[in-house]
Structures are given as C-alpha cells and as structure tokens.
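Colleague: Handing you a structure now.
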Amino acid sequence: MNSIEHFHAIKELLGDSRTYYLIAVDMDSNYSYVNRHYTEAFQTIHGDLVGKHYAITMHEDDQQICQTVSEKAFMYRESVFPAILRKHDGNGGFIITKWEYKAMFNDHDLPIGIFCIGHDITEFMKVSGKLHEIKISHSHSIRRYVANLLGLGKLIQEATDLIDVKHAAKMIVQSAADLDIVVKEIHRNESAGT
C-alpha cells in the first residue's frame, strides 16, 4: 500500500472522527483536506481552510517545528514523525495539539504533500502542569521538615550538655509531628482527587 492509499484508508476511518484531527497539506503548504473534527474546531475562527496556508491556524513560533518535521517525513518516507503544536482557539489563547506526520508520494514517486493525524491535548497538559506544581509543593513541604530533623540530629550528635540534647529532642518531636500533619494532608488531598 502506497502513501496515498494509506491516506485514503485513514480518511475513510477518521473522516468523521470526533476525537482525531486528520489533515492533508499540499506541496505549496496549503490545506488540501481537513476532516470534520478539524473543521468544527477551526472553521469558525479561520473560515474554510481548504486552499489556505497551513500556518493560519497555528502559533507563529511553531511553524519551524512543522517545517522540520515535514522535512524528516519526506526524507524517511516509511516513518511517521511527532509534533506538538499550538493552534489558535479564537479567544486569544491556544489549543495544544499532538500530531503525527507522514509524507505522501504519487505513483511516479514524486512528493505530493503531507498528511497528519492529531488530537487536542490541552486538558492533559493542564492537568500535567497542575500535578507537577502539586508535586513540587509537596516535595518542598516535606523536605523542609526533613531538613529540620537532620539538623536537629546533628545538634544532638555534637551536644555536650544534657539540656541541649533534651531541647533538640523536643524540637525533633515537634518537627516529626508537623511532618506527620503534612503527610496526612497530602494523603487526604490525593484520596479526594485534588
């Protein structure tokens, strides 16, 4: 099966997809095909896309990514190449999309364009970012108490007076109790799904 046959088979499968975007871009960098999902997502912002330059939908800084990935697809025609691109959402922001590119060649083995399958990963990226922030926050909270405990342990090791040891022990108990509260709160938040 050649690349055009691949594209037509995928078009048959994903033409009416509600999850995946399917697009084709010709050698002049203009859209030659967009499936229903892509049309619904971007036509209200940009009008009919077929015949328009592919870059109309995306963040200008991501155009170089498209260029680089397309060049790889033409060089290694049997492979697909991934790209993450920001697309205008019509409200001054962006939809984050993940794509796979494949070059198309005609029966004379001449390049005729690129087809791409993609999907919206905006929510995934938001959740991933929030989870990263939570992880950093929890890590900082826990490390603070661990650092206190380590410091107090060193004080005990170097103490020469029993009063200093008792004072450090009291602070260790307090730091351990504070750490226990933080760990329980993290567990409670994770159990609640926040």
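Following the order of the structure tokens, chains are lettered A, B, ..., residues in each are numbered from 1, and ligands are numbered from 1.
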As number ranges by chain, which residues of range 91-140 of chain A does DSSP assign to strand (DSSP E)?
Modeller: A: 94-105, 111-120
Colleague: Where in chain A does DSSP assign helix (DSSP H, G or I), given as a VMD selection string?
Modeller: chain A and resid 3 to 14 36 to 46 54 to 57 60 to 75 122 to 158 162 to 192
Colleague: Could you check how far CA of Ala55 in chain A sits from CA of Ser29 in chain A, in Å to one decimal?
Modeller: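 That distance, rounded to one decimal, is 8.3 Å.
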Colleague: Could you state the separation of CA of Arg36 in chain A and CA of Leu22 in chain A in Å, given to one decimal place?
Modeller: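 We find that CA of Arg36 in chain A and CA of Leu22 in chain A lie 8.4 Å from each other.
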Colleague: Using only C-alpha atoms, which of the listed residues (A:Ile56, A:Val146, A:Ile134, A:Met75) sits closest to Ile186 in chain A?
Modeller: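 The answer is A:Ile134, which sits nearest to Ile186 in chain A.
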Colleague: Extract, using only C-alpha atoms, all DNA, RNA and protein residues at most 10 Å from Asn106 in chain A, discarding same-chain residues fewer than 5 positions from it, and format them as a tab-separated table (two decimals) with C-alpha atoms, in the first residue's frame.
Modeller:
```
chain	number	residue	atom	x	y	z
A	2	ASN	CA	1.48	3.35	-1.02
A	3	SER	CA	1.21	6.57	0.99
A	4	ILE	CA	-1.83	7.84	-0.93
A	5	GLU	CA	-3.64	4.55	-0.29
A	111	PRO	CA	6.21	14.10	-3.25
A	112	ILE	CA	2.67	15.49	-3.23
A	113	GLY	CA	2.20	16.56	0.37
```
Colleague: Record the distance separating CA of His140 in chain A and CA of Ala192 in chain A, expressed in Å with one decimal.
Modeller: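 Spanning CA of His140 in chain A to CA of Ala192 in chain A is a straight-line distance of 21.0 Å.
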Colleague: Write out as JSON, numbers by chain which residues come within 12 Å of range 117-125 of chain A when counting only C-alpha atoms, dropping same-chain ones fewer than 3 positions away.
Modeller: {"A": [7, 10, 11, 13, 14, 15, 17, 18, 19, 20, 21, 22, 23, 24, 25, 33, 34, 35, 37, 38, 41, 80, 81, 82, 83, 84, 85, 86, 87, 88, 89, 93, 94, 95, 96, 97, 98, 99, 100, 101, 102, 103, 114, 128, 129, 130, 131, 132]}
Colleague: Which residue gives the smallest distance to Glu185 in chain A among A:Gln67, A:Asn148, A:Asn30, A:Ser141, with only C-alpha atoms counted?
Modeller: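 Among the listed residues, A:Ser141 lies closest to Glu185 in chain A.
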Colleague: Between A:Val127, A:Ala73, A:Ile45, A:Ile142, which is the closest to Met104 in chain A once you count only C-alpha atoms?
Modeller: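 The answer is A:Ala73, which sits nearest to Met104 in chain A.
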Colleague: Counting only C-alpha atoms, figure out which residue out of A:Arg143, A:Glu12, A:Val69, A:Arg77 gets nearest to Val183 in chain A.
Modeller: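 Of A:Arg143, A:Glu12, A:Val69, A:Arg77, the one nearest Val183 in chain A is A:Arg143, counting only C-alpha atoms.
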